[in-house]
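Structure, as structure tokens:
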Amino acid sequence: MGCRQSFRQCCDRPKNTNVRISLPAVCFVWQIVMIILFGIFIRYDQESDAHWAEYRKFQNISSDIENDFYFRYPSFQDVHVMIFVGFGFLMTFLKRYSFSAVGFNFLIAAFGLQWALLMQGWFQSLDPMDGKIKISMESLINADFCVASCLIAYGAVLGKLSPVQLMVMTLFGITLYAVDEFIILNLIHARDAGGSMVIHTFGAYYGLSISWMLYRPNLDQSKRLNGSVYHSDVFAMIGTLFLWMFWPSFNSAITDHGDGQHRAAINTYLALASTVLTTVAISSLSQKTGKLDMVHIQNSTLAGGVAVGTAAEFMLMPYGSLIIGFCCGIISTLGYIYITPFMEKYLKIQDTCGIHNLHAMPGVIGGIVGAVTAAAASEGVYGKAGLINTFDFTGKWKDMVPSRQGGHQAAGLCIALCFGVGGGIIVGWCLSLGCILRMPIWGDAPDDNCFDDELYWELPEDEESIPPILEDNNHMRNRDVTESHFSMEQSQN
Amino acid sequence: MGCRQSFRQCCDRPKNTNVRISLPAVCFVWQIVMIILFGIFIRYDQESDAHWAEYRKFQNISSDIENDFYFRYPSFQDVHVMIFVGFGFLMTFLKRYSFSAVGFNFLIAAFGLQWALLMQGWFQSLDPMDGKIKISMESLINADFCVASCLIAYGAVLGKLSPVQLMVMTLFGITLYAVDEFIILNLIHARDAGGSMVIHTFGAYYGLSISWMLYRPNLDQSKRLNGSVYHSDVFAMIGTLFLWMFWPSFNSAITDHGDGQHRAAINTYLALASTVLTTVAISSLSQKTGKLDMVHIQNSTLAGGVAVGTAAEFMLMPYGSLIIGFCCGIISTLGYIYITPFMEKYLKIQDTCGIHNLHAMPGVIGGIVGAVTAAAASEGVYGKAGLINTFDFTGKWKDMVPSRQGGHQAAGLCIALCFGVGGGIIVGWCLSLGCILRMPIWGDAPDDNCFDDELYWELPEDEESIPPILEDNNHMRNRDVTESHFSMEQSQN
Amino acid sequence: MGCRQSFRQCCDRPKNTNVRISLPAVCFVWQIVMIILFGIFIRYDQESDAHWAEYRKFQNISSDIENDFYFRYPSFQDVHVMIFVGFGFLMTFLKRYSFSAVGFNFLIAAFGLQWALLMQGWFQSLDPMDGKIKISMESLINADFCVASCLIAYGAVLGKLSPVQLMVMTLFGITLYAVDEFIILNLIHARDAGGSMVIHTFGAYYGLSISWMLYRPNLDQSKRLNGSVYHSDVFAMIGTLFLWMFWPSFNSAITDHGDGQHRAAINTYLALASTVLTTVAISSLSQKTGKLDMVHIQNSTLAGGVAVGTAAEFMLMPYGSLIIGFCCGIISTLGYIYITPFMEKYLKIQDTCGIHNLHAMPGVIGGIVGAVTAAAASEGVYGKAGLINTFDFTGKWKDMVPSRQGGHQAAGLCIALCFGVGGGIIVGWCLSLGCILRMPIWGDAPDDNCFDDELYWELPEDEESIPPILEDNNHMRNRDVTESHFSMEQSQN
């Protein structure tokens, strides 16, 4: 960890945040590579190919409505909203980092989803006949899921990395995710409908480890910018609500047709409702005056959706979902109050958005709940066919039993944790090495100017200079005020 | 009404707005009660249970796509957005009450929907075989509908009640709604697809009656906060538009599969379009200079969706929908101009959001339109099967005729009105009693500090204190300003 | 073009922006005409009529789920969001024109969609049996599409026209669109799923021509208002993201059931992802310091969706979509940097939102891509049935071949261009004539007060006057400030 030491020292030096060469270069090179690889590997699958009409006749499918598009598309659009508006706006809470929050979220999501289609395709849907990846609506949903893990990681380093670093982080994040997912879902056959393990646990520990490697001891020099203003908190509520409302779609997007999707949506809906109440309760309790803290409402209310992810399609029972939400609201809010400051002070992990409370802990809980409920599954509750459908006890897994499935679930959780922590440390080390070697392409922010859009965005003149309108209204009356205002403006320009 | 007199006096006393004990207590107790009751009563129905595969085979259902999930889920998600983003952001128009508008809306909706699932379940879908309530997507939509009525009521008392009072109001509101709905839809067999009567009329009069009971004669002491600023009005437009756009889903969410949902969506779409034009016309006419008033655009443009609710699935004909929208835009906007001030001055009803104009009057119109169009229905227009499907003339109602159905619709409207006014007066009385008895748990706002987030939220430092950024840019120039700023900050911390 | 000269002179005179008579008159007259025409012409089609139950039995349709409602409704709602929130918020970027951006967008969309239902109905779905137009979900989507072209045109003249002028512009725009669409889609049988030609090319050139006719040489007198502030840019990102996310629904909303919708959504998703990367690259390259420009991120990231519109349902192949997005991101961003200033300076076209870069150029590219890919279509790639389905080679077009189809596509593009430019010049001439004749009903803005909500909206008191809250916090300290503040307020009231 000598590296971490060197990194801290190098952060004190003056920084070059100009990304004029590196950012366009990365974007162009990457996009051209994508076009070439897509050209070689990616084709439509039979449900999105123009041969569908023939395929349909051949398979004796009675109606176009049985095209998987109609099972998945509404959920896909909801997930898409969560990725771009949900995650994007959730991070706009900082007073002067809203452009970067929404804009870089947009950039790395658009960047990541193309790579995700390839990586996931190679691992999971390569057609052995022609060596092509066949994509459909389900592939797009999976790509969005994959991107979600990197956006979660972005939450930990929000305000501290340059767009170039974020793209490197995303590139490796997606790669690790695809391997991780392949091992968990395919090799050891764990179930993870809403991705408590694969998406949230992996993504959160990946981000936290990177943040740990890139610890900035002097970050409090940017303290003035590390907070919200009134309207930025309202913007963040847009993100919160779209995540909250569409989480049932997230957890049910790729579950089994029919009862699987139906049940996953109901479970998620209930878990989230329950979380809201305990979050409010703990938030109010934590303040001497009983006032609520917007940070908790924006984040902890979502913890139930994370935790119910793995088990969303299981027969959790409605009260089971409520209990999960109940616990997660409490744990997540307490996390914001006690664990985040502790981690920053003692573990040297700076977690801007508190993803440890929103994704890491609830993700682990979700994995455990999944393991327990899978182990406890019985033919009495699920029915014979239901058990096979829900846990996919088919093909080479047709002799699997619930109790062993529980063990596999637990193993999946451990793998997600290892990939997150291990991958994050390696990638974080690479990123910090770039800084130590003074690689000018990195363009990361100096300690005293983190959380500032000014570094990477052309900002509009400040709101302070709107008054010319005021002037219009009260021509004569407050001429003095206006004059002095203009003179200020002149001196500013 | 001696109670109201005493209440007014007690509002003058200094208030304790600390809800640190009462709010967490209510949340925890309530959530635990919910978990217990859900454990006893609530189970998945056959379409969301893992036994679906067997049920499907048994019922000879040809494909998973016929699971009710695929008929309802897109509409459900739209309704969900209306409840949380629509209602929530519509109320953010106040300059310093946006946190409470969105946040308490979130809290009482999450709180209410659990109780709604139970109450509606007991009344309408208790399985006589095993005494359990079986829930499905349709139950979730109905729970959201039920919650909508309480959020409407919240509009009337916005800024004047504490979160604890709001939760009490919601608890009783949901209970009354469930009884009211059972009587109207089941006992007297009125049709009310979009809830003009059940949701809007009931909810609005419930809220108005509570506001009447809690009349604050000195509310103008908070006048400085009872208005909007530029950006808060833009935030409110987010709410308006999401309500407006998704209203066709609201009115069609639980109508008959097939043509019923199709027709309800078309009718609502047209009624809303028409409302926009007359709202703009009246708003412009009402000002000497012809300028538009944002309050009207934010609210009255939605009146057509309310009024077309009951009759949305009937054969209203496209021009019929336009006529309804035409009238409601006029009436609702005139309501904001003349009736709201009148109500406040003479009837002593303070209606913060003007729900009388947006929900109460259009809701009553909707009920009347429903009664008239039901009475006028004929086999010529609907077809024999269409008439039976649309009005559900089956089972014990198979001898019903349209003219009598019209009478039942009118009776339904009266019942909704009575429940709203009566229930509101009783609940308002309870709430005011709490104040009179100086129950410290209430925590409601004093007259001179209503419409203020400060009471219940930890607020970020004001935007005024962003300048440290400016400082960055103009280091030397305005050092004096900055220094004085920092000294202010220090004294604040 | 003597007209343009006179128009420029008349802009210097003092203007009357009072629309108190003209705006309500237009709204009322128009809405009443609509009600009458809807009464005469518009009825439900068989899938939304109550006779559906009988029709279904007659046509031997196995389930309600095959009602077209379930194929189209989720896409319809997404398109609806794009029209009202997407276009509306995209234009809120101006510091003091957000009310007008969202509000007038709302007004002209609600106004236009009714007229679109009639115009498109007369041209395309008049039932020869009874002379009625039969509407369904597909009609509503088409009406929304039609309105989109006028909202694009609004982007060019944003801030410079009064609501009355906008409504006139919309009225003629919709009319021209319907004729244009009929010729392109029906007479010459071009395919245009996402409307690259019909919607974007037409709409953009229509708006640009109007803006050219209404050139204001002294517009820089309003320069102080022609820019953004920090929060208005964040609001605009709401518009951008909802357009970006739901564009797959836009391009797939009215394509063929099954693989057509599936493929269109995939192609659009990929094209848009690719656009984001090249937009960021060019935006960063264009600035000396490598900083990103919010204008590019807000607009150019959408260009790929426009350009993939026509060919979205063709077998573009995933890499083909990426290539289109790649090129459009570059071209559109370069357009903002070089072409918009050029057009304003030399061609005298003032394009407030830069629709030339977002809609016009990508629209033309989309038309060309459509022509080329149609001409290159082969039975090998599409399959026999696929080719017929995709290009609708049925009925009187059953002998059509792909190479000729390519020619028809190219002809369609030319027609869209001619209609846009020609129609825009005529309508622009009418609008400028109104100004020259000093028609008091026009109410357009003077050159020194464009981009100002003040003209048409009752604005709330400025944010500057929030401080009474501050006062609460710092009672004693800054009493002087507060006192002076109150005295200001008094003098204002």
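Chain labels A, B, ... are given in the sequence in which chains occur in the structure tokens; within each chain residues are numbered consecutively from 1, and ligands are likewise numbered from 1 in the order shown.
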Write out as a compact mmCIF listing (two decimals) with C-alpha atoms, in the first residue's frame every residue belonging to chain B that has an atom at most 7 Å from any atom of chain C, counting only C-alpha atoms.
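Written output follows (result.txt):
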```txt
# COMPACT_ATOMS: atom_id res chain seq x y z
CA GLU B 66 -52.60 -13.77 -20.49
CA PRO B 74 -47.77 -0.54 -17.72
CA SER B 228 -43.90 30.58 -5.20
CA VAL B 229 -40.55 31.53 -6.63
CA TYR B 230 -39.52 31.08 -10.22
CA VAL B 234 -40.97 25.00 -12.71
CA LEU B 241 -47.14 17.22 -16.64
CA MET B 245 -49.64 12.66 -19.37
CA HIS B 257 -59.55 -5.80 -20.66
CA GLY B 258 -59.64 -4.92 -24.34
CA ASP B 259 -61.96 -2.20 -25.55
CA HIS B 262 -58.63 1.27 -24.95
CA ARG B 263 -61.66 3.55 -24.83
CA ALA B 273 -56.36 18.25 -24.37
CA SER B 274 -59.54 20.28 -24.45
CA VAL B 276 -55.73 22.99 -21.60
CA LEU B 277 -57.18 25.40 -24.13
CA THR B 278 -60.03 26.70 -22.02
CA ALA B 281 -58.26 31.23 -22.29
CA ILE B 282 -59.82 31.96 -18.92
CA SER B 284 -55.52 35.13 -19.82
CA LEU B 285 -58.96 36.76 -19.72
CA THR B 289 -52.80 42.56 -19.14
CA GLY B 290 -53.77 39.17 -20.52
CA LYS B 291 -50.89 37.44 -18.78
CA LEU B 292 -51.20 33.81 -17.79
CA ASP B 293 -51.20 32.69 -14.19
CA MET B 317 -67.84 9.55 -27.93
CA PRO B 318 -64.74 11.63 -28.65
CA TYR B 319 -66.68 14.88 -28.89
CA LEU B 322 -63.93 17.26 -25.53
CA ILE B 323 -67.08 18.90 -24.17
CA TYR B 382 -72.98 -0.50 -26.96
CA GLY B 383 -74.19 -3.73 -28.48
CA ALA B 385 -72.42 -7.86 -25.09
CA GLY B 386 -70.84 -4.42 -24.82
```
Contacts of Leu316 (chain C) at 10 Å (only C-alpha atoms; same-chain gap of 4+ positions) as a list in words: Arg43 and Tyr44 of chain A; Arg263, Ala264, Asn267, Val308, Ala311, Ala312, Gly320, Ser321, Leu322, Ile324, Val369, Gly370, Thr373, Ala374 and Ala377 of chain C
Could you take the residues named above and write them with C-alpha atoms, as a CSV table (one decimal), in the first residue's frame?
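Final output, saved to out_18.csv:
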```csv
chain,number,residue,atom,x,y,z
A,43,ARG,CA,-26.6,-9.8,-34.7
A,44,TYR,CA,-30.3,-9.7,-34.0
C,263,ARG,CA,-35.7,-4.3,-33.9
C,264,ALA,CA,-36.6,-0.6,-34.1
C,267,ASN,CA,-31.5,0.0,-33.3
C,308,VAL,CA,-32.0,6.3,-37.2
C,311,ALA,CA,-34.4,3.0,-41.0
C,312,ALA,CA,-35.1,1.9,-37.5
C,320,GLY,CA,-25.0,0.0,-38.6
C,321,SER,CA,-26.9,1.8,-35.8
C,322,LEU,CA,-23.6,2.5,-34.0
C,324,ILE,CA,-25.1,6.3,-37.7
C,369,VAL,CA,-29.7,6.2,-44.7
C,370,GLY,CA,-33.3,5.0,-45.2
C,373,THR,CA,-30.6,0.7,-46.7
C,374,ALA,CA,-34.0,0.2,-48.5
C,377,ALA,CA,-32.4,-4.8,-48.9
```
Point-to-point distance from CA of Leu347 (chain A) to CA of Leu433 (chain A), Å rounded to tenths: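 CA of Leu347 (chain A) sits 20.7 Å away from CA of Leu433 (chain A).
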All helix (DSSP H, G or I) residues (DSSP, backbone) inside region 98-133 of chain B, as a ChimeraX atom specification: /B:98-124
Who sits within 10 Å of Ile365 (chain B), only C-alpha atoms, same chain under 5 positions skipped, as number ranges by chain: B: 196-197, 201, 304, 306-310, 324, 327-328, 359-360, 370-371, 413
Separation of CA of Asn357 (chain B) from CA of Thr333 (chain B) in Å: 7.3 Å
Test item: residues at most 6 Å from Gly329 (chain C), only C-alpha atoms, excluding those fewer than 4 positions along its chain, as a count of residues only: 4
Gap from CA of Asn449 (chain B) to CA of Gln298 (chain A) - Å, one decimal: 25.0 Å
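Omitting Trp212 (chain A) and its sequence neighbours fewer than 3 positions away, and counting only C-alpha atoms, the residues within 7 Å are A:Leu208, A:Ser209, A:Tyr215, A:Lys348, A:Ile349, A:Gln350.
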